[in-house]
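With mmCIF, N, CA and C atoms inside, this is data.cif:
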data_upload
loop_
_atom_site.label_atom_id
_atom_site.label_comp_id
_atom_site.auth_asym_id
_atom_site.auth_seq_id
_atom_site.Cartn_x
_atom_site.Cartn_y
_atom_site.Cartn_z
N MET U 1028 0.84 -1.18 0.00
CA MET U 1028 0.00 0.00 0.00
C MET U 1028 0.89 1.25 0.00
N LYS U 1029 0.66 2.12 -0.95
CA LYS U 1029 1.46 3.34 -1.07
C LYS U 1029 0.84 4.45 -0.21
N THR U 1030 1.70 5.10 0.57
CA THR U 1030 1.21 6.21 1.38
C THR U 1030 1.43 7.52 0.63
N GLU U 1031 0.60 8.47 0.95
CA GLU U 1031 0.69 9.79 0.32
C GLU U 1031 1.94 10.52 0.80
N GLN U 1032 2.63 11.16 -0.14
CA GLN U 1032 3.81 11.96 0.23
C GLN U 1032 3.37 13.15 1.07
N ARG U 1033 4.03 13.36 2.18
CA ARG U 1033 3.74 14.50 3.06
C ARG U 1033 4.82 15.53 2.89
N PHE U 1034 4.41 16.79 3.06
CA PHE U 1034 5.33 17.92 2.96
C PHE U 1034 5.10 18.83 4.15
N CYS U 1035 6.17 19.46 4.62
CA CYS U 1035 6.04 20.46 5.68
C CYS U 1035 5.09 21.54 5.21
N GLN U 1036 4.15 21.89 6.06
CA GLN U 1036 3.14 22.88 5.72
C GLN U 1036 3.61 24.30 5.97
N SER U 1037 4.92 24.46 6.10
CA SER U 1037 5.54 25.78 6.22
C SER U 1037 6.56 26.01 5.11
N CYS U 1038 7.50 25.05 4.95
CA CYS U 1038 8.58 25.24 3.97
C CYS U 1038 8.49 24.31 2.76
N GLY U 1039 7.59 23.34 2.81
CA GLY U 1039 7.42 22.42 1.69
C GLY U 1039 8.39 21.26 1.65
N MET U 1040 9.25 21.13 2.65
CA MET U 1040 10.22 20.03 2.66
C MET U 1040 9.48 18.69 2.71
N PRO U 1041 9.91 17.72 1.89
CA PRO U 1041 9.31 16.38 1.98
C PRO U 1041 9.55 15.78 3.37
N LEU U 1042 8.53 15.18 3.92
CA LEU U 1042 8.65 14.53 5.22
C LEU U 1042 8.76 13.02 4.97
N ASN U 1043 9.98 12.59 4.68
CA ASN U 1043 10.22 11.20 4.27
C ASN U 1043 10.57 10.28 5.43
N ASP U 1044 11.00 10.83 6.53
CA ASP U 1044 11.52 10.03 7.63
C ASP U 1044 10.97 10.58 8.94
N VAL U 1045 10.80 9.72 9.91
CA VAL U 1045 10.29 10.15 11.21
C VAL U 1045 11.17 11.24 11.82
N ASN U 1046 12.44 11.24 11.50
CA ASN U 1046 13.36 12.25 12.03
C ASN U 1046 13.22 13.61 11.36
N ASP U 1047 12.43 13.70 10.30
CA ASP U 1047 12.20 14.97 9.60
C ASP U 1047 11.13 15.83 10.28
N TYR U 1048 10.31 15.22 11.11
CA TYR U 1048 9.15 15.91 11.68
C TYR U 1048 9.53 16.82 12.85
N GLY U 1049 8.77 17.91 12.99
CA GLY U 1049 8.91 18.78 14.13
C GLY U 1049 8.25 18.17 15.36
N THR U 1050 8.27 18.92 16.47
CA THR U 1050 7.71 18.42 17.71
C THR U 1050 6.68 19.37 18.29
N ASN U 1051 5.71 18.79 18.98
CA ASN U 1051 4.70 19.55 19.70
C ASN U 1051 5.25 19.97 21.06
N ALA U 1052 4.49 20.79 21.76
CA ALA U 1052 4.92 21.29 23.07
C ALA U 1052 5.20 20.16 24.06
N ASP U 1053 4.47 19.05 23.94
CA ASP U 1053 4.68 17.91 24.84
C ASP U 1053 5.78 16.96 24.37
N GLY U 1054 6.47 17.33 23.29
CA GLY U 1054 7.56 16.52 22.77
C GLY U 1054 7.15 15.47 21.75
N SER U 1055 5.84 15.30 21.54
CA SER U 1055 5.37 14.34 20.55
C SER U 1055 5.62 14.86 19.14
N ARG U 1056 5.58 13.96 18.19
CA ARG U 1056 5.82 14.32 16.80
C ARG U 1056 4.67 15.16 16.25
N ASN U 1057 5.02 16.21 15.52
CA ASN U 1057 4.02 17.01 14.82
C ASN U 1057 3.99 16.52 13.37
N ASP U 1058 2.83 16.13 12.89
CA ASP U 1058 2.71 15.54 11.56
C ASP U 1058 2.58 16.54 10.43
N GLU U 1059 2.59 17.83 10.73
CA GLU U 1059 2.39 18.84 9.68
C GLU U 1059 3.63 19.65 9.34
N TYR U 1060 4.58 19.74 10.27
CA TYR U 1060 5.72 20.63 10.08
C TYR U 1060 7.05 19.90 10.30
N CYS U 1061 8.09 20.35 9.62
CA CYS U 1061 9.41 19.73 9.74
C CYS U 1061 10.16 20.28 10.96
N LYS U 1062 11.25 19.59 11.27
CA LYS U 1062 12.07 19.96 12.43
C LYS U 1062 12.77 21.30 12.25
N TYR U 1063 12.91 21.76 11.02
CA TYR U 1063 13.56 23.05 10.78
C TYR U 1063 12.60 24.22 10.98
N CYS U 1064 11.31 23.94 10.89
CA CYS U 1064 10.30 25.00 11.02
C CYS U 1064 9.60 25.00 12.38
N TYR U 1065 9.47 23.83 13.00
CA TYR U 1065 8.59 23.71 14.16
C TYR U 1065 9.24 22.86 15.24
N GLU U 1066 9.33 23.42 16.44
CA GLU U 1066 9.96 22.71 17.56
C GLU U 1066 9.28 23.10 18.85
N ASN U 1067 8.98 22.11 19.67
CA ASN U 1067 8.34 22.34 20.98
C ASN U 1067 7.04 23.14 20.87
N GLY U 1068 6.28 22.87 19.80
CA GLY U 1068 4.97 23.51 19.65
C GLY U 1068 4.99 24.92 19.12
N ARG U 1069 6.14 25.35 18.60
CA ARG U 1069 6.25 26.74 18.10
C ARG U 1069 7.06 26.77 16.81
N PHE U 1070 6.73 27.75 15.98
CA PHE U 1070 7.54 27.97 14.79
C PHE U 1070 8.89 28.53 15.23
N LYS U 1071 9.94 28.04 14.62
CA LYS U 1071 11.29 28.47 14.97
C LYS U 1071 11.60 29.85 14.41
N GLN U 1072 10.96 30.20 13.31
CA GLN U 1072 11.15 31.52 12.70
C GLN U 1072 9.81 32.22 12.59
N GLN U 1073 9.78 33.47 12.97
CA GLN U 1073 8.62 34.30 12.68
C GLN U 1073 8.98 35.06 11.41
N CYS U 1074 8.34 34.70 10.33
CA CYS U 1074 8.70 35.29 9.05
C CYS U 1074 7.47 35.35 8.15
N THR U 1075 7.60 36.10 7.09
CA THR U 1075 6.54 36.15 6.09
C THR U 1075 6.74 34.98 5.12
N MET U 1076 5.73 34.70 4.34
CA MET U 1076 5.85 33.67 3.32
C MET U 1076 6.97 34.00 2.35
N GLU U 1077 7.09 35.27 1.99
CA GLU U 1077 8.14 35.68 1.06
C GLU U 1077 9.53 35.45 1.65
N GLU U 1078 9.68 35.73 2.94
CA GLU U 1078 10.97 35.47 3.60
C GLU U 1078 11.28 33.97 3.64
N MET U 1079 10.25 33.15 3.87
CA MET U 1079 10.45 31.70 3.87
C MET U 1079 10.87 31.22 2.48
N ILE U 1080 10.26 31.74 1.46
CA ILE U 1080 10.63 31.37 0.09
C ILE U 1080 12.10 31.68 -0.14
N GLU U 1081 12.54 32.87 0.23
CA GLU U 1081 13.94 33.25 0.01
C GLU U 1081 14.89 32.36 0.82
N THR U 1082 14.46 31.92 2.00
CA THR U 1082 15.26 31.00 2.80
C THR U 1082 15.39 29.65 2.10
N CYS U 1083 14.33 29.22 1.42
CA CYS U 1083 14.29 27.90 0.80
C CYS U 1083 14.95 27.85 -0.58
N VAL U 1084 14.98 28.96 -1.30
CA VAL U 1084 15.50 28.96 -2.68
C VAL U 1084 16.86 28.28 -2.79
N PRO U 1085 17.85 28.58 -1.95
CA PRO U 1085 19.17 27.95 -2.12
C PRO U 1085 19.17 26.42 -1.94
N HIS U 1086 18.13 25.88 -1.31
CA HIS U 1086 18.07 24.44 -1.05
C HIS U 1086 17.48 23.65 -2.22
N ILE U 1087 16.91 24.34 -3.19
CA ILE U 1087 16.33 23.67 -4.36
C ILE U 1087 17.40 23.65 -5.45
N THR U 1088 18.04 22.52 -5.62
CA THR U 1088 19.16 22.42 -6.55
C THR U 1088 18.76 21.83 -7.90
N SER U 1089 17.52 21.40 -8.02
CA SER U 1089 17.07 20.76 -9.27
C SER U 1089 16.58 21.76 -10.30
N MET U 1090 16.62 23.05 -9.96
CA MET U 1090 16.18 24.09 -10.90
C MET U 1090 16.93 25.38 -10.58
N THR U 1091 16.79 26.35 -11.47
CA THR U 1091 17.46 27.63 -11.23
C THR U 1091 16.79 28.34 -10.06
N PRO U 1092 17.47 29.29 -9.42
CA PRO U 1092 16.84 30.04 -8.33
C PRO U 1092 15.53 30.72 -8.77
N ASP U 1093 15.49 31.28 -9.96
CA ASP U 1093 14.27 31.93 -10.43
C ASP U 1093 13.14 30.93 -10.62
N GLU U 1094 13.46 29.75 -11.15
CA GLU U 1094 12.43 28.71 -11.32
C GLU U 1094 11.92 28.24 -9.97
N ALA U 1095 12.84 28.03 -9.02
CA ALA U 1095 12.47 27.59 -7.67
C ALA U 1095 11.58 28.63 -7.00
N ARG U 1096 11.98 29.89 -7.10
CA ARG U 1096 11.21 30.98 -6.50
C ARG U 1096 9.79 31.02 -7.09
N HIS U 1097 9.69 30.92 -8.39
CA HIS U 1097 8.37 30.96 -9.06
C HIS U 1097 7.51 29.77 -8.60
N MET U 1098 8.10 28.58 -8.55
CA MET U 1098 7.36 27.40 -8.12
C MET U 1098 6.83 27.58 -6.70
N MET U 1099 7.69 28.07 -5.81
CA MET U 1099 7.27 28.26 -4.42
C MET U 1099 6.24 29.37 -4.27
N GLN U 1100 6.34 30.42 -5.06
CA GLN U 1100 5.35 31.50 -5.00
C GLN U 1100 3.96 30.98 -5.38
N GLU U 1101 3.90 29.96 -6.21
CA GLU U 1101 2.61 29.38 -6.59
C GLU U 1101 2.15 28.34 -5.57
N TRP U 1102 3.09 27.57 -5.00
CA TRP U 1102 2.74 26.46 -4.11
C TRP U 1102 2.53 26.88 -2.67
N PHE U 1103 3.36 27.74 -2.13
CA PHE U 1103 3.31 28.07 -0.71
C PHE U 1103 1.95 28.61 -0.24
N PRO U 1104 1.24 29.40 -1.03
CA PRO U 1104 -0.07 29.85 -0.56
C PRO U 1104 -1.05 28.70 -0.28
N THR U 1105 -0.76 27.49 -0.80
CA THR U 1105 -1.63 26.34 -0.53
C THR U 1105 -1.22 25.60 0.74
N LEU U 1106 -0.05 25.91 1.31
CA LEU U 1106 0.40 25.26 2.53
C LEU U 1106 -0.31 25.87 3.74
N LYS U 1107 -0.59 25.05 4.73
CA LYS U 1107 -1.40 25.44 5.89
C LYS U 1107 -0.91 26.73 6.56
N ARG U 1108 0.38 26.86 6.77
CA ARG U 1108 0.89 28.03 7.51
C ARG U 1108 0.58 29.34 6.79
N TRP U 1109 0.52 29.32 5.47
CA TRP U 1109 0.41 30.55 4.70
C TRP U 1109 -0.99 30.83 4.19
N GLN U 1110 -1.93 29.97 4.50
CA GLN U 1110 -3.30 30.22 4.06
C GLN U 1110 -3.91 31.33 4.90
N LYS U 1111 -4.56 32.22 4.23
CA LYS U 1111 -5.17 33.38 4.90
C LYS U 1111 -6.58 33.02 5.35
#
Mind turning the file's structure into structure tokens?
Amino acid sequence: MKTEQRFCQSCGMPLNDVNDYGTNADGSRNDEYCKYCYENGRFKQQCTMEEMIETCVPHITSMTPDEARHMMQEWFPTLKRWQK
């Protein structure tokens, strides 16, 4: 049985391994956010969506920075953290 690919609902990082997940305030695993964005029940960075995109651009090596930026500008508004 194939499971659905999960992505961090803040930065879009694939959540492929249990060690990729962030933590809730009680130390349990948070199923929506990665360890780089969410720890102990709080976001590690207070930033705008645009600032998060710029933080993530250098980590996307499969496309040019402009292509990565454009892709994230279209995708990030669909992620839970950035929905208005």
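Restricting the calculation to only C-alpha atoms, the smallest distance between Glu1059 (chain U) and any of U:Asp1093, U:Glu1077, U:Asp1047, U:Glu1101 is found for U:Asp1047.
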Notebook entry, point to check: Which of these, U:Arg1069, U:Arg1056, U:Lys1111, U:Lys1062, has the shortest distance to Cys1035 (chain U) once you count all atoms listed in the file?
Noted result: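 Ranking U:Arg1069, U:Arg1056, U:Lys1111, U:Lys1062 by distance to Cys1035 (chain U), first place goes to U:Lys1062.
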Next item on the list: Please evaluate the PyMOL selection byres (((chain U and resi 1102-1106 and name CA) around 8) and name CA) against the displayed coordinates and give the resulting residues as a PyMOL selection string.
Entry: chain U and resi 1036-1039+1076+1098-1101+1107-1110
Next item on the list: Determine which residues of chain U DSSP labels as alpha helix (DSSP H) from the backbone of this structure, then write them out as an NGL selection string.
Entry: :U and (1076-1083 or 1092-1102)
Next item on the list: Tell me, in Å to one decimal, how far atom C of Glu1066 (chain U) is from atom C of Ile1087 (chain U).
Entry: 25.6 Å
Next item on the list: Evaluate the PyMOL selection byres ((chain U and resi 1053) around 6) and record the selected residues as a VMD selection string, following the chain and residue labels used in the document.
Entry: chain U and resid 1051 to 1052 1054 to 1055 1067 to 1068
Subset file: region 1058-1098 of chain U, N, CA and C atoms, as a compact mmCIF listing (two decimals), in the first residue's frame:
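Okay, result.txt is ready:
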# COMPACT_ATOMS: atom_id res chain seq x y z
N ASP U 1058 2.83 16.13 12.89
CA ASP U 1058 2.71 15.54 11.56
C ASP U 1058 2.58 16.54 10.43
N GLU U 1059 2.59 17.83 10.73
CA GLU U 1059 2.39 18.84 9.68
C GLU U 1059 3.63 19.65 9.34
N TYR U 1060 4.58 19.74 10.27
CA TYR U 1060 5.72 20.63 10.08
C TYR U 1060 7.05 19.90 10.30
N CYS U 1061 8.09 20.35 9.62
CA CYS U 1061 9.41 19.73 9.74
C CYS U 1061 10.16 20.28 10.96
N LYS U 1062 11.25 19.59 11.27
CA LYS U 1062 12.07 19.96 12.43
C LYS U 1062 12.77 21.30 12.25
N TYR U 1063 12.91 21.76 11.02
CA TYR U 1063 13.56 23.05 10.78
C TYR U 1063 12.60 24.22 10.98
N CYS U 1064 11.31 23.94 10.89
CA CYS U 1064 10.30 25.00 11.02
C CYS U 1064 9.60 25.00 12.38
N TYR U 1065 9.47 23.83 13.00
CA TYR U 1065 8.59 23.71 14.16
C TYR U 1065 9.24 22.86 15.24
N GLU U 1066 9.33 23.42 16.44
CA GLU U 1066 9.96 22.71 17.56
C GLU U 1066 9.28 23.10 18.85
N ASN U 1067 8.98 22.11 19.67
CA ASN U 1067 8.34 22.34 20.98
C ASN U 1067 7.04 23.14 20.87
N GLY U 1068 6.28 22.87 19.80
CA GLY U 1068 4.97 23.51 19.65
C GLY U 1068 4.99 24.92 19.12
N ARG U 1069 6.14 25.35 18.60
CA ARG U 1069 6.25 26.74 18.10
C ARG U 1069 7.06 26.77 16.81
N PHE U 1070 6.73 27.75 15.98
CA PHE U 1070 7.54 27.97 14.79
C PHE U 1070 8.89 28.53 15.23
N LYS U 1071 9.94 28.04 14.62
CA LYS U 1071 11.29 28.47 14.97
C LYS U 1071 11.60 29.85 14.41
N GLN U 1072 10.96 30.20 13.31
CA GLN U 1072 11.15 31.52 12.70
C GLN U 1072 9.81 32.22 12.59
N GLN U 1073 9.78 33.47 12.97
CA GLN U 1073 8.62 34.30 12.68
C GLN U 1073 8.98 35.06 11.41
N CYS U 1074 8.34 34.70 10.33
CA CYS U 1074 8.70 35.29 9.05
C CYS U 1074 7.47 35.35 8.15
N THR U 1075 7.60 36.10 7.09
CA THR U 1075 6.54 36.15 6.09
C THR U 1075 6.74 34.98 5.12
N MET U 1076 5.73 34.70 4.34
CA MET U 1076 5.85 33.67 3.32
C MET U 1076 6.97 34.00 2.35
N GLU U 1077 7.09 35.27 1.99
CA GLU U 1077 8.14 35.68 1.06
C GLU U 1077 9.53 35.45 1.65
N GLU U 1078 9.68 35.73 2.94
CA GLU U 1078 10.97 35.47 3.60
C GLU U 1078 11.28 33.97 3.64
N MET U 1079 10.25 33.15 3.87
CA MET U 1079 10.45 31.70 3.87
C MET U 1079 10.87 31.22 2.48
N ILE U 1080 10.26 31.74 1.46
CA ILE U 1080 10.63 31.37 0.09
C ILE U 1080 12.10 31.68 -0.14
N GLU U 1081 12.54 32.87 0.23
CA GLU U 1081 13.94 33.25 0.01
C GLU U 1081 14.89 32.36 0.82
N THR U 1082 14.46 31.92 2.00
CA THR U 1082 15.26 31.00 2.80
C THR U 1082 15.39 29.65 2.10
N CYS U 1083 14.33 29.22 1.42
CA CYS U 1083 14.29 27.90 0.80
C CYS U 1083 14.95 27.85 -0.58
N VAL U 1084 14.98 28.96 -1.30
CA VAL U 1084 15.50 28.96 -2.68
C VAL U 1084 16.86 28.28 -2.79
N PRO U 1085 17.85 28.58 -1.95
CA PRO U 1085 19.17 27.95 -2.12
C PRO U 1085 19.17 26.42 -1.94
N HIS U 1086 18.13 25.88 -1.31
CA HIS U 1086 18.07 24.44 -1.05
C HIS U 1086 17.48 23.65 -2.22
N ILE U 1087 16.91 24.34 -3.19
CA ILE U 1087 16.33 23.67 -4.36
C ILE U 1087 17.40 23.65 -5.45
N THR U 1088 18.04 22.52 -5.62
CA THR U 1088 19.16 22.42 -6.55
C THR U 1088 18.76 21.83 -7.90
N SER U 1089 17.52 21.40 -8.02
CA SER U 1089 17.07 20.76 -9.27
C SER U 1089 16.58 21.76 -10.30
N MET U 1090 16.62 23.05 -9.96
CA MET U 1090 16.18 24.09 -10.90
C MET U 1090 16.93 25.38 -10.58
N THR U 1091 16.79 26.35 -11.47
CA THR U 1091 17.46 27.63 -11.23
C THR U 1091 16.79 28.34 -10.06
N PRO U 1092 17.47 29.29 -9.42
CA PRO U 1092 16.84 30.04 -8.33
C PRO U 1092 15.53 30.72 -8.77
N ASP U 1093 15.49 31.28 -9.96
CA ASP U 1093 14.27 31.93 -10.43
C ASP U 1093 13.14 30.93 -10.62
N GLU U 1094 13.46 29.75 -11.15
CA GLU U 1094 12.43 28.71 -11.32
C GLU U 1094 11.92 28.24 -9.97
N ALA U 1095 12.84 28.03 -9.02
CA ALA U 1095 12.47 27.59 -7.67
C ALA U 1095 11.58 28.63 -7.00
N ARG U 1096 11.98 29.89 -7.10
CA ARG U 1096 11.21 30.98 -6.50
C ARG U 1096 9.79 31.02 -7.09
N HIS U 1097 9.69 30.92 -8.39
CA HIS U 1097 8.37 30.96 -9.06
C HIS U 1097 7.51 29.77 -8.60
N MET U 1098 8.10 28.58 -8.55
CA MET U 1098 7.36 27.40 -8.12
C MET U 1098 6.83 27.58 -6.70
